[in-house]
file work-v6.cif (mmCIF, C-alpha atoms and all ligand atoms)
data_input
loop_
_atom_site.group_PDB
_atom_site.id
_atom_site.type_symbol
_atom_site.label_atom_id
_atom_site.label_comp_id
_atom_site.auth_asym_id
_atom_site.auth_seq_id
_atom_site.Cartn_x
_atom_site.Cartn_y
_atom_site.Cartn_z
ATOM 1 C CA MET L 1 -25.027 -22.724 3.892
ATOM 2 C CA ILE L 2 -22.283 -21.719 6.297
ATOM 3 C CA VAL L 3 -23.430 -20.182 9.558
ATOM 4 C CA VAL L 4 -20.980 -18.320 11.764
ATOM 5 C CA GLU L 5 -22.180 -17.602 15.277
ATOM 6 C CA ASN L 6 -20.572 -15.180 17.677
ATOM 7 C CA LEU L 7 -17.067 -15.938 16.485
ATOM 8 C CA HIS L 8 -14.071 -14.607 18.379
ATOM 9 C CA ARG L 9 -10.388 -14.751 17.530
ATOM 10 C CA HIS L 10 -8.116 -12.898 19.899
ATOM 11 C CA PHE L 11 -4.377 -12.350 19.634
ATOM 12 C CA GLY L 12 -3.305 -11.861 23.225
ATOM 13 C CA GLY L 13 -5.615 -9.117 24.442
ATOM 14 C CA PHE L 14 -6.438 -7.907 20.930
ATOM 15 C CA ARG L 15 -9.815 -8.922 19.500
ATOM 16 C CA ALA L 16 -9.223 -9.271 15.752
ATOM 17 C CA VAL L 17 -12.594 -11.023 15.391
ATOM 18 C CA ASP L 18 -14.913 -9.875 18.121
ATOM 19 C CA GLY L 19 -18.246 -11.683 18.060
ATOM 20 C CA ALA L 20 -18.876 -11.884 14.311
ATOM 21 C CA SER L 21 -22.082 -13.600 13.174
ATOM 22 C CA LEU L 22 -23.022 -14.115 9.546
ATOM 23 C CA ARG L 23 -24.463 -16.520 6.990
ATOM 24 C CA ILE L 24 -23.037 -17.518 3.670
ATOM 25 C CA GLU L 25 -25.823 -18.788 1.437
ATOM 26 C CA THR L 26 -25.073 -21.757 -0.778
ATOM 27 C CA GLY L 27 -24.832 -20.568 -4.372
ATOM 28 C CA SER L 28 -24.009 -16.972 -3.482
ATOM 29 C CA ILE L 29 -20.990 -14.847 -4.283
ATOM 30 C CA THR L 30 -20.679 -13.078 -0.966
ATOM 31 C CA GLY L 31 -18.408 -10.047 -0.747
ATOM 32 C CA LEU L 32 -16.593 -9.272 2.480
ATOM 33 C CA ILE L 33 -15.486 -5.667 2.779
ATOM 34 C CA GLY L 34 -14.343 -3.372 5.553
ATOM 35 C CA PRO L 35 -11.521 -1.014 6.378
ATOM 36 C CA ASN L 36 -7.970 -2.275 6.893
ATOM 37 C CA GLY L 37 -7.651 -4.279 10.069
ATOM 38 C CA ALA L 38 -11.402 -5.000 10.267
ATOM 39 C CA GLY L 39 -10.722 -8.690 10.813
ATOM 40 C CA LYS L 40 -11.720 -10.031 7.389
ATOM 41 C CA THR L 41 -8.668 -12.198 6.771
ATOM 42 C CA THR L 42 -8.697 -13.478 10.345
ATOM 43 C CA LEU L 43 -12.369 -14.433 9.952
ATOM 44 C CA PHE L 44 -11.526 -16.235 6.688
ATOM 45 C CA ASN L 45 -8.692 -18.081 8.344
ATOM 46 C CA VAL L 46 -10.852 -19.226 11.230
ATOM 47 C CA ILE L 47 -13.671 -20.467 8.983
ATOM 48 C CA ALA L 48 -11.185 -22.217 6.674
ATOM 49 C CA GLY L 49 -9.411 -23.953 9.560
ATOM 50 C CA VAL L 50 -6.121 -22.073 9.237
ATOM 51 C CA LEU L 51 -6.582 -20.500 12.690
ATOM 52 C CA LYS L 52 -8.414 -21.938 15.684
ATOM 53 C CA PRO L 53 -11.188 -19.708 17.020
ATOM 54 C CA THR L 54 -11.019 -18.347 20.553
ATOM 55 C CA SER L 55 -14.745 -19.082 20.817
ATOM 56 C CA GLY L 56 -17.852 -19.303 18.674
ATOM 57 C CA LYS L 57 -19.336 -21.784 16.252
ATOM 58 C CA VAL L 58 -19.204 -22.484 12.517
ATOM 59 C CA THR L 59 -21.537 -24.909 10.776
ATOM 60 C CA MET L 60 -21.700 -26.022 7.166
ATOM 61 C CA ALA L 61 -24.940 -27.551 5.905
ATOM 62 C CA GLY L 62 -25.946 -28.017 9.534
ATOM 63 C CA GLU L 63 -22.767 -29.879 10.496
ATOM 64 C CA GLU L 64 -20.415 -28.275 12.982
ATOM 65 C CA ILE L 65 -17.022 -27.569 11.406
ATOM 66 C CA THR L 66 -15.579 -25.247 14.070
ATOM 67 C CA GLY L 67 -11.816 -25.600 14.273
ATOM 68 C CA LEU L 68 -11.547 -28.457 11.768
ATOM 69 C CA PRO L 69 -8.138 -28.525 10.095
ATOM 70 C CA PRO L 70 -7.872 -27.312 6.477
ATOM 71 C CA HIS L 71 -7.379 -30.777 4.978
ATOM 72 C CA GLU L 72 -10.642 -32.007 6.501
ATOM 73 C CA LEU L 73 -12.485 -28.969 5.171
ATOM 74 C CA PHE L 74 -10.797 -29.510 1.810
ATOM 75 C CA HIS L 75 -12.392 -32.962 1.632
ATOM 76 C CA LYS L 76 -15.753 -31.375 2.377
ATOM 77 C CA GLY L 77 -15.250 -29.090 -0.622
ATOM 78 C CA LEU L 78 -14.404 -25.918 1.311
ATOM 79 C CA LEU L 79 -11.120 -24.268 0.557
ATOM 80 C CA ARG L 80 -9.206 -21.076 0.846
ATOM 81 C CA THR L 81 -7.140 -20.701 -2.284
ATOM 82 C CA PHE L 82 -3.754 -20.569 -0.643
ATOM 83 C CA GLN L 83 -4.535 -23.918 1.005
ATOM 84 C CA ILE L 84 -3.585 -25.361 -2.330
ATOM 85 C CA ALA L 85 0.166 -24.846 -2.239
ATOM 86 C CA HIS L 86 1.492 -21.953 -4.254
ATOM 87 C CA GLU L 87 2.415 -22.651 -7.828
ATOM 88 C CA PHE L 88 5.509 -24.633 -8.685
ATOM 89 C CA SER L 89 7.314 -21.968 -10.639
ATOM 90 C CA SER L 90 9.509 -24.234 -12.755
ATOM 91 C CA MET L 91 6.599 -26.408 -13.856
ATOM 92 C CA THR L 92 4.204 -25.528 -16.649
ATOM 93 C CA VAL L 93 0.719 -24.205 -16.027
ATOM 94 C CA ARG L 94 -0.802 -27.508 -17.101
ATOM 95 C CA GLU L 95 1.541 -29.517 -14.869
ATOM 96 C CA ASN L 96 0.614 -27.273 -11.962
ATOM 97 C CA LEU L 97 -3.048 -28.121 -12.453
ATOM 98 C CA MET L 98 -2.254 -31.823 -12.608
ATOM 99 C CA MET L 99 -0.321 -31.609 -9.325
ATOM 100 C CA VAL L 100 -3.301 -30.486 -7.218
ATOM 101 C CA PRO L 101 -3.527 -32.828 -4.241
ATOM 102 C CA GLY L 102 -6.515 -35.082 -4.431
ATOM 103 C CA ALA L 103 -6.861 -34.703 -8.185
ATOM 104 C CA GLN L 104 -4.839 -37.836 -8.886
ATOM 105 C CA ARG L 105 -4.796 -41.347 -7.465
ATOM 106 C CA GLY L 106 -1.882 -42.029 -5.115
ATOM 107 C CA GLU L 107 1.003 -43.518 -7.026
ATOM 108 C CA THR L 108 2.300 -46.269 -4.843
ATOM 109 C CA LEU L 109 5.119 -48.471 -6.045
ATOM 110 C CA TRP L 110 2.673 -51.332 -6.150
ATOM 111 C CA GLU L 111 0.378 -49.455 -8.484
ATOM 112 C CA THR L 112 3.214 -48.324 -10.730
ATOM 113 C CA TRP L 113 4.256 -51.928 -11.245
ATOM 114 C CA PHE L 114 0.985 -53.755 -11.331
ATOM 115 C CA ASN L 115 -1.639 -51.260 -12.276
ATOM 116 C CA ARG L 116 0.088 -49.453 -15.084
ATOM 117 C CA ARG L 117 -2.920 -49.363 -17.366
ATOM 118 C CA GLN L 118 -5.099 -47.776 -14.734
ATOM 119 C CA ILE L 119 -2.443 -45.167 -14.000
ATOM 120 C CA GLU L 120 -2.129 -44.313 -17.668
ATOM 121 C CA ALA L 121 -5.900 -43.957 -17.955
ATOM 122 C CA ASP L 122 -5.898 -41.708 -14.865
ATOM 123 C CA GLU L 123 -3.123 -39.593 -16.372
ATOM 124 C CA ARG L 124 -5.074 -39.129 -19.574
ATOM 125 C CA ALA L 125 -8.204 -38.168 -17.648
ATOM 126 C CA LEU L 126 -6.207 -35.704 -15.564
ATOM 127 C CA LEU L 127 -4.652 -34.195 -18.663
ATOM 128 C CA ALA L 128 -8.048 -33.813 -20.304
ATOM 129 C CA LYS L 129 -9.424 -32.211 -17.158
ATOM 130 C CA ALA L 130 -6.520 -29.759 -16.939
ATOM 131 C CA ASP L 131 -7.069 -28.789 -20.582
ATOM 132 C CA GLU L 132 -10.776 -28.337 -19.989
ATOM 133 C CA VAL L 133 -10.024 -26.071 -17.000
ATOM 134 C CA LEU L 134 -7.590 -23.997 -19.082
ATOM 135 C CA GLU L 135 -10.191 -23.616 -21.803
ATOM 136 C CA PHE L 136 -12.855 -22.569 -19.295
ATOM 137 C CA LEU L 137 -10.534 -19.899 -17.901
ATOM 138 C CA THR L 138 -9.564 -18.767 -21.414
ATOM 139 C CA ILE L 139 -5.868 -19.371 -20.734
ATOM 140 C CA SER L 140 -5.226 -22.370 -22.989
ATOM 141 C CA HIS L 141 -2.469 -20.353 -24.672
ATOM 142 C CA LEU L 142 -0.553 -20.410 -21.360
ATOM 143 C CA ARG L 143 -0.682 -24.202 -21.073
ATOM 144 C CA ASP L 144 3.046 -24.784 -21.602
ATOM 145 C CA GLU L 145 4.253 -21.590 -19.959
ATOM 146 C CA LYS L 146 6.308 -21.975 -16.769
ATOM 147 C CA ALA L 147 4.076 -20.882 -13.879
ATOM 148 C CA GLY L 148 6.876 -18.679 -12.566
ATOM 149 C CA ASN L 149 6.576 -16.508 -15.681
ATOM 150 C CA LEU L 150 2.890 -15.706 -15.153
ATOM 151 C CA SER L 151 1.724 -12.236 -14.136
ATOM 152 C CA GLY L 152 0.016 -11.774 -10.757
ATOM 153 C CA GLY L 153 -3.425 -11.895 -12.362
ATOM 154 C CA GLN L 154 -2.620 -14.988 -14.385
ATOM 155 C CA LYS L 155 -1.474 -16.694 -11.171
ATOM 156 C CA LYS L 156 -4.851 -15.852 -9.628
ATOM 157 C CA LEU L 157 -6.533 -17.536 -12.597
ATOM 158 C CA LEU L 158 -4.289 -20.550 -12.071
ATOM 159 C CA GLU L 159 -5.406 -20.622 -8.415
ATOM 160 C CA LEU L 160 -9.013 -20.647 -9.557
ATOM 161 C CA GLY L 161 -8.138 -23.412 -11.985
ATOM 162 C CA ARG L 162 -6.757 -25.507 -9.157
ATOM 163 C CA THR L 163 -10.050 -25.276 -7.284
ATOM 164 C CA MET L 164 -11.685 -26.667 -10.423
ATOM 165 C CA MET L 165 -9.345 -29.664 -10.449
ATOM 166 C CA VAL L 166 -10.795 -30.827 -7.122
ATOM 167 C CA ASP L 167 -14.351 -29.626 -7.771
ATOM 168 C CA ALA L 168 -14.408 -27.344 -4.765
ATOM 169 C CA LYS L 169 -17.836 -26.212 -3.700
ATOM 170 C CA ILE L 170 -17.079 -23.236 -1.443
ATOM 171 C CA VAL L 171 -14.082 -21.098 -2.277
ATOM 172 C CA PHE L 172 -12.625 -18.311 -0.153
ATOM 173 C CA LEU L 173 -10.702 -15.731 -2.160
ATOM 174 C CA ASP L 174 -8.627 -13.122 -0.344
ATOM 175 C CA GLU L 175 -7.865 -9.956 -2.313
ATOM 176 C CA VAL L 176 -8.013 -11.457 -5.783
ATOM 177 C CA GLY L 177 -7.655 -7.996 -7.265
ATOM 178 C CA ALA L 178 -4.491 -6.884 -5.480
ATOM 179 C CA GLY L 179 -1.943 -5.867 -8.092
ATOM 180 C CA VAL L 180 -4.009 -7.222 -10.980
ATOM 181 C CA ASN L 181 -4.653 -5.076 -14.059
ATOM 182 C CA ARG L 182 -8.225 -4.170 -14.983
ATOM 183 C CA THR L 183 -8.480 -6.425 -18.047
ATOM 184 C CA LEU L 184 -7.320 -9.491 -16.150
ATOM 185 C CA LEU L 185 -9.515 -8.568 -13.195
ATOM 186 C CA ASN L 186 -12.498 -8.627 -15.555
ATOM 187 C CA THR L 187 -11.432 -12.083 -16.779
ATOM 188 C CA ILE L 188 -11.174 -13.273 -13.157
ATOM 189 C CA GLY L 189 -14.580 -11.742 -12.362
ATOM 190 C CA ASP L 190 -16.149 -13.443 -15.385
ATOM 191 C CA ALA L 191 -14.608 -16.795 -14.398
ATOM 192 C CA ILE L 192 -16.005 -16.451 -10.863
ATOM 193 C CA LEU L 193 -19.464 -15.573 -12.211
ATOM 194 C CA ARG L 194 -19.442 -18.509 -14.623
ATOM 195 C CA LEU L 195 -18.200 -20.979 -11.980
ATOM 196 C CA ASN L 196 -21.025 -19.754 -9.784
ATOM 197 C CA LYS L 197 -23.776 -19.862 -12.416
ATOM 198 C CA GLU L 198 -22.730 -22.872 -14.455
ATOM 199 C CA ARG L 199 -21.136 -25.079 -11.799
ATOM 200 C CA GLY L 200 -22.825 -24.030 -8.582
ATOM 201 C CA TYR L 201 -19.726 -22.774 -6.782
ATOM 202 C CA THR L 202 -20.236 -20.628 -3.708
ATOM 203 C CA PHE L 203 -17.660 -17.856 -3.303
ATOM 204 C CA VAL L 204 -16.686 -15.606 -0.442
ATOM 205 C CA VAL L 205 -14.563 -12.757 -1.707
ATOM 206 C CA ILE L 206 -12.497 -10.238 0.258
ATOM 207 C CA GLU L 207 -11.686 -7.297 -1.943
ATOM 208 C CA HIS L 208 -11.018 -3.591 -1.590
ATOM 209 C CA ASP L 209 -11.929 -2.818 -5.224
ATOM 210 C CA MET L 210 -15.569 -1.734 -4.986
ATOM 211 C CA ASP L 211 -16.138 -1.910 -8.771
ATOM 212 C CA PHE L 212 -15.175 -5.562 -8.662
ATOM 213 C CA ILE L 213 -17.341 -6.240 -5.600
ATOM 214 C CA GLY L 214 -20.291 -4.412 -7.204
ATOM 215 C CA LYS L 215 -19.951 -6.402 -10.403
ATOM 216 C CA ILE L 216 -19.906 -9.900 -8.933
ATOM 217 C CA CYS L 217 -21.053 -9.920 -5.281
ATOM 218 C CA ASP L 218 -24.495 -10.166 -3.766
ATOM 219 C CA PRO L 219 -24.810 -9.897 -0.853
ATOM 220 C CA VAL L 220 -21.999 -7.784 0.531
ATOM 221 C CA ILE L 221 -21.073 -8.018 4.214
ATOM 222 C CA CYS L 222 -19.197 -5.160 5.828
ATOM 223 C CA MET L 223 -16.990 -5.748 8.870
ATOM 224 C CA ALA L 224 -15.316 -3.282 11.189
ATOM 225 C CA GLU L 225 -13.424 -3.834 14.414
ATOM 226 C CA GLY L 226 -13.994 -7.573 14.327
ATOM 227 C CA LYS L 227 -17.772 -7.367 14.006
ATOM 228 C CA VAL L 228 -20.299 -7.486 11.190
ATOM 229 C CA LEU L 229 -21.655 -3.980 10.676
ATOM 230 C CA ALA L 230 -24.073 -4.450 7.821
ATOM 231 C CA GLU L 231 -25.227 -6.785 5.072
ATOM 232 C CA GLY L 232 -27.031 -6.038 1.826
ATOM 233 C CA THR L 233 -26.455 -5.101 -1.771
ATOM 234 C CA LEU L 234 -23.434 -2.898 -2.366
ATOM 235 C CA ALA L 235 -25.779 0.067 -2.887
ATOM 236 C CA GLU L 236 -27.405 -0.569 0.507
ATOM 237 C CA ILE L 237 -24.021 -0.979 2.170
ATOM 238 C CA LYS L 238 -22.760 2.274 0.684
ATOM 239 C CA ALA L 239 -25.790 4.113 2.039
ATOM 240 C CA ASN L 240 -25.374 2.674 5.543
ATOM 241 C CA GLU L 241 -24.382 5.327 8.091
ATOM 242 C CA GLN L 242 -22.385 2.938 10.284
ATOM 243 C CA VAL L 243 -20.426 1.723 7.270
ATOM 244 C CA ILE L 244 -19.634 5.269 6.167
ATOM 245 C CA GLU L 245 -18.520 6.069 9.730
ATOM 246 C CA ALA L 246 -16.266 3.005 9.836
ATOM 247 C CA TYR L 247 -14.578 3.968 6.574
ATOM 248 C CA LEU L 248 -14.406 7.636 7.561
ATOM 249 C CA GLY L 249 -12.679 6.666 10.758
ATOM 250 C CA THR L 250 -9.832 5.210 8.760
ATOM 251 C CA GLY L 251 -9.763 7.920 6.117
ATOM 252 C CA LEU L 252 -10.927 5.455 3.480
ATOM 253 C CA LYS L 253 -14.233 7.151 2.774
ATOM 254 C CA ASN L 254 -13.476 7.437 -0.925
ATOM 255 C CA LYS L 255 -13.046 3.707 -1.288
ATOM 256 C CA VAL L 256 -16.609 2.973 -0.289
ATOM 257 C CA ALA L 257 -18.045 6.114 -1.914
ATOM 258 C CA ALA L 258 -16.306 5.545 -5.233
ATOM 259 C CA GLY L 259 -17.763 3.509 -8.117
HETATM 260 N N1 LIG U 1 -1.145 -13.213 14.031
HETATM 261 C C1 LIG U 1 -1.519 -12.036 14.502
HETATM 262 N N2 LIG U 1 -1.027 -11.570 15.656
HETATM 263 C C2 LIG U 1 -1.418 -10.369 16.160
HETATM 264 N N3 LIG U 1 -2.318 -9.572 15.562
HETATM 265 C C3 LIG U 1 -2.833 -9.979 14.403
HETATM 266 C C4 LIG U 1 -2.480 -11.235 13.804
HETATM 267 N N4 LIG U 1 -3.179 -11.376 12.644
HETATM 268 C C5 LIG U 1 -3.929 -10.252 12.515
HETATM 269 N N5 LIG U 1 -3.732 -9.433 13.561
HETATM 270 C C6 LIG U 1 -4.383 -8.144 13.766
HETATM 271 O O1 LIG U 1 -5.783 -8.327 13.696
HETATM 272 C C7 LIG U 1 -6.400 -7.234 13.043
HETATM 273 C C8 LIG U 1 -7.239 -7.749 11.917
HETATM 274 O O2 LIG U 1 -6.377 -8.180 10.882
HETATM 275 P P1 LIG U 1 -6.938 -8.811 9.532
HETATM 276 O O3 LIG U 1 -5.782 -9.104 8.647
HETATM 277 O O4 LIG U 1 -7.876 -9.915 9.833
HETATM 278 O O5 LIG U 1 -7.770 -7.580 8.941
HETATM 279 P P2 LIG U 1 -8.324 -7.334 7.477
HETATM 280 O O6 LIG U 1 -9.704 -6.813 7.624
HETATM 281 O O7 LIG U 1 -8.141 -8.549 6.645
HETATM 282 O O8 LIG U 1 -7.360 -6.169 6.977
HETATM 283 P P3 LIG U 1 -6.792 -5.851 5.512
HETATM 284 O O9 LIG U 1 -7.949 -5.371 4.704
HETATM 285 O O10 LIG U 1 -5.806 -4.750 5.789
HETATM 286 O O11 LIG U 1 -6.163 -7.099 4.980
HETATM 287 C C9 LIG U 1 -5.279 -6.291 12.601
HETATM 288 O O12 LIG U 1 -5.195 -5.220 13.526
HETATM 289 C C10 LIG U 1 -4.067 -7.155 12.636
HETATM 290 O O13 LIG U 1 -2.915 -6.390 12.953
#
call {"tool": "encode", "arguments": {"input": "work-v6.cif", "output": "structure tokens", "more": "lines below"}}
Ligand SMILES: Nc1ncnc2c1ncn2[C@@H]1O[C@H](COP(=O)(O)OP(=O)(O)OP(=O)(O)O)[C@@H](O)[C@H]1O
result
Amino acid sequence: MIVVENLHRHFGGFRAVDGASLRIETGSITGLIGPNGAGKTTLFNVIAGVLKPTSGKVTMAGEEITGLPPHELFHKGLLRTFQIAHEFSSMTVRENLMMVPGAQRGETLWETWFNRRQIEADERALLAKADEVLEFLTISHLRDEKAGNLSGGQKKLLELGRTMMVDAKIVFLDEVGAGVNRTLLNTIGDAILRLNKERGYTFVVIEHDMDFIGKICDPVICMAEGKVLAEGTLAEIKANEQVIEAYLGTGLKNKVAAG
């Protein structure tokens, strides 16, 4: 479980995150919603070590992780997808999976010369793992495609695939649905659900598409003005007066009312 207590992140005098407290249960797919500028991405970035907090505390499984750099969190199994570098566009999808840092043993000159057999065995294992990931995500047919040729949604699937190469345990996904067509969004949603159910991944998902949130997330946490307004099922959140007010205030009422 991740516990966030009274977290603040200010930019000059502006309080992007303004005393947010929340819990992310292990094994959940937690949705994070809220009007534009609510502080969702900033909160993500602080938890994932991309930004230092102004104040507040974050713990994971009881251990304080406040302000730890991304690579340390990565080794604890917590990652924000863009922490894994963006795809190498001139490499194939399979090669991109095999390049994920931490997935392969370091290739020192010494090892290349004297430990060739081990390296070859590692390569084969890595290849098999990449193929297994592609199969799981139902994109085996894209194996030899250059990553640069993938659609936005296919790149999101590749990002998910990279988390599988390092067996991440807690994955932060920011706006997976942005610019992704409905069919591919369903494939991404199914992959998230299966990773959660079959492999025990915990997800925290920022998304404006309420259909998507409703289909995969429980609970849903709603933020506004840097604070947590409400938590519950999507139906409960939609019925919450404060939430409706927050969305009304930005003219986005239909987003939360729709679906
Ligand atoms: N580096 C920064 N410097 C100054 N202000 C920032 C910075 N990053 C974010 N902000 C401000 O903090 C507020 C919260 O931004 P944030 O991106 O966290 O919101 P959000 O809820 O993710 O919004 P959206 O749904 O539009 O992505 C915004 O008003 C934004 O302009």
call {"tool": "resolve_selection", "arguments": {"input": "work-v6.cif", "expression": "the PyMOL selection byres (((chain L and resi 9-14) around 6) and not hetatm)", "output": "short mmCIF file (atom, residue, chain, number, x, y, z; two decimals) with C-alpha atoms, keeping the file's coordinate frame"}}
result
data_model
loop_
_atom_site.label_atom_id
_atom_site.label_comp_id
_atom_site.auth_asym_id
_atom_site.auth_seq_id
_atom_site.Cartn_x
_atom_site.Cartn_y
_atom_site.Cartn_z
CA HIS L 8 -14.07 -14.61 18.38
CA ARG L 15 -9.82 -8.92 19.50
CA ALA L 16 -9.22 -9.27 15.75
CA VAL L 17 -12.59 -11.02 15.39
CA PRO L 53 -11.19 -19.71 17.02
CA THR L 54 -11.02 -18.35 20.55
#
call {"tool": "closest_residue", "arguments": {"input": "work-v6.cif", "among": "L:Leu193, L:Asp144, L:Leu160, L:Cys222", "to": "ligand LIG 1 (chain U)", "atoms": "all atoms listed in the file"}}
result
L:Cys222
call {"tool": "residues_near_ligand", "arguments": {"input": "work-v6.cif", "ligand": "ligand LIG 1 (chain U)", "cutoff": "10 Å", "atoms": "all atoms listed in the file", "output": "PyMOL selection string"}}
result
chain L and resi 9-17+32-46+51+174-175+206-208+222-226
call {"tool": "closest_residue", "arguments": {"input": "work-v6.cif", "among": "L:Val180, L:Val228, L:Leu157, L:Ala168", "to": "Val4 (chain L)", "atoms": "only C-alpha atoms"}}
result
L:Val228
call {"tool": "atom_distance", "arguments": {"input": "work-v6.cif", "atom1": "CA of Asn96 (chain L)", "atom2": "CA of Lys146 (chain L)"}}
result
9.1 Å
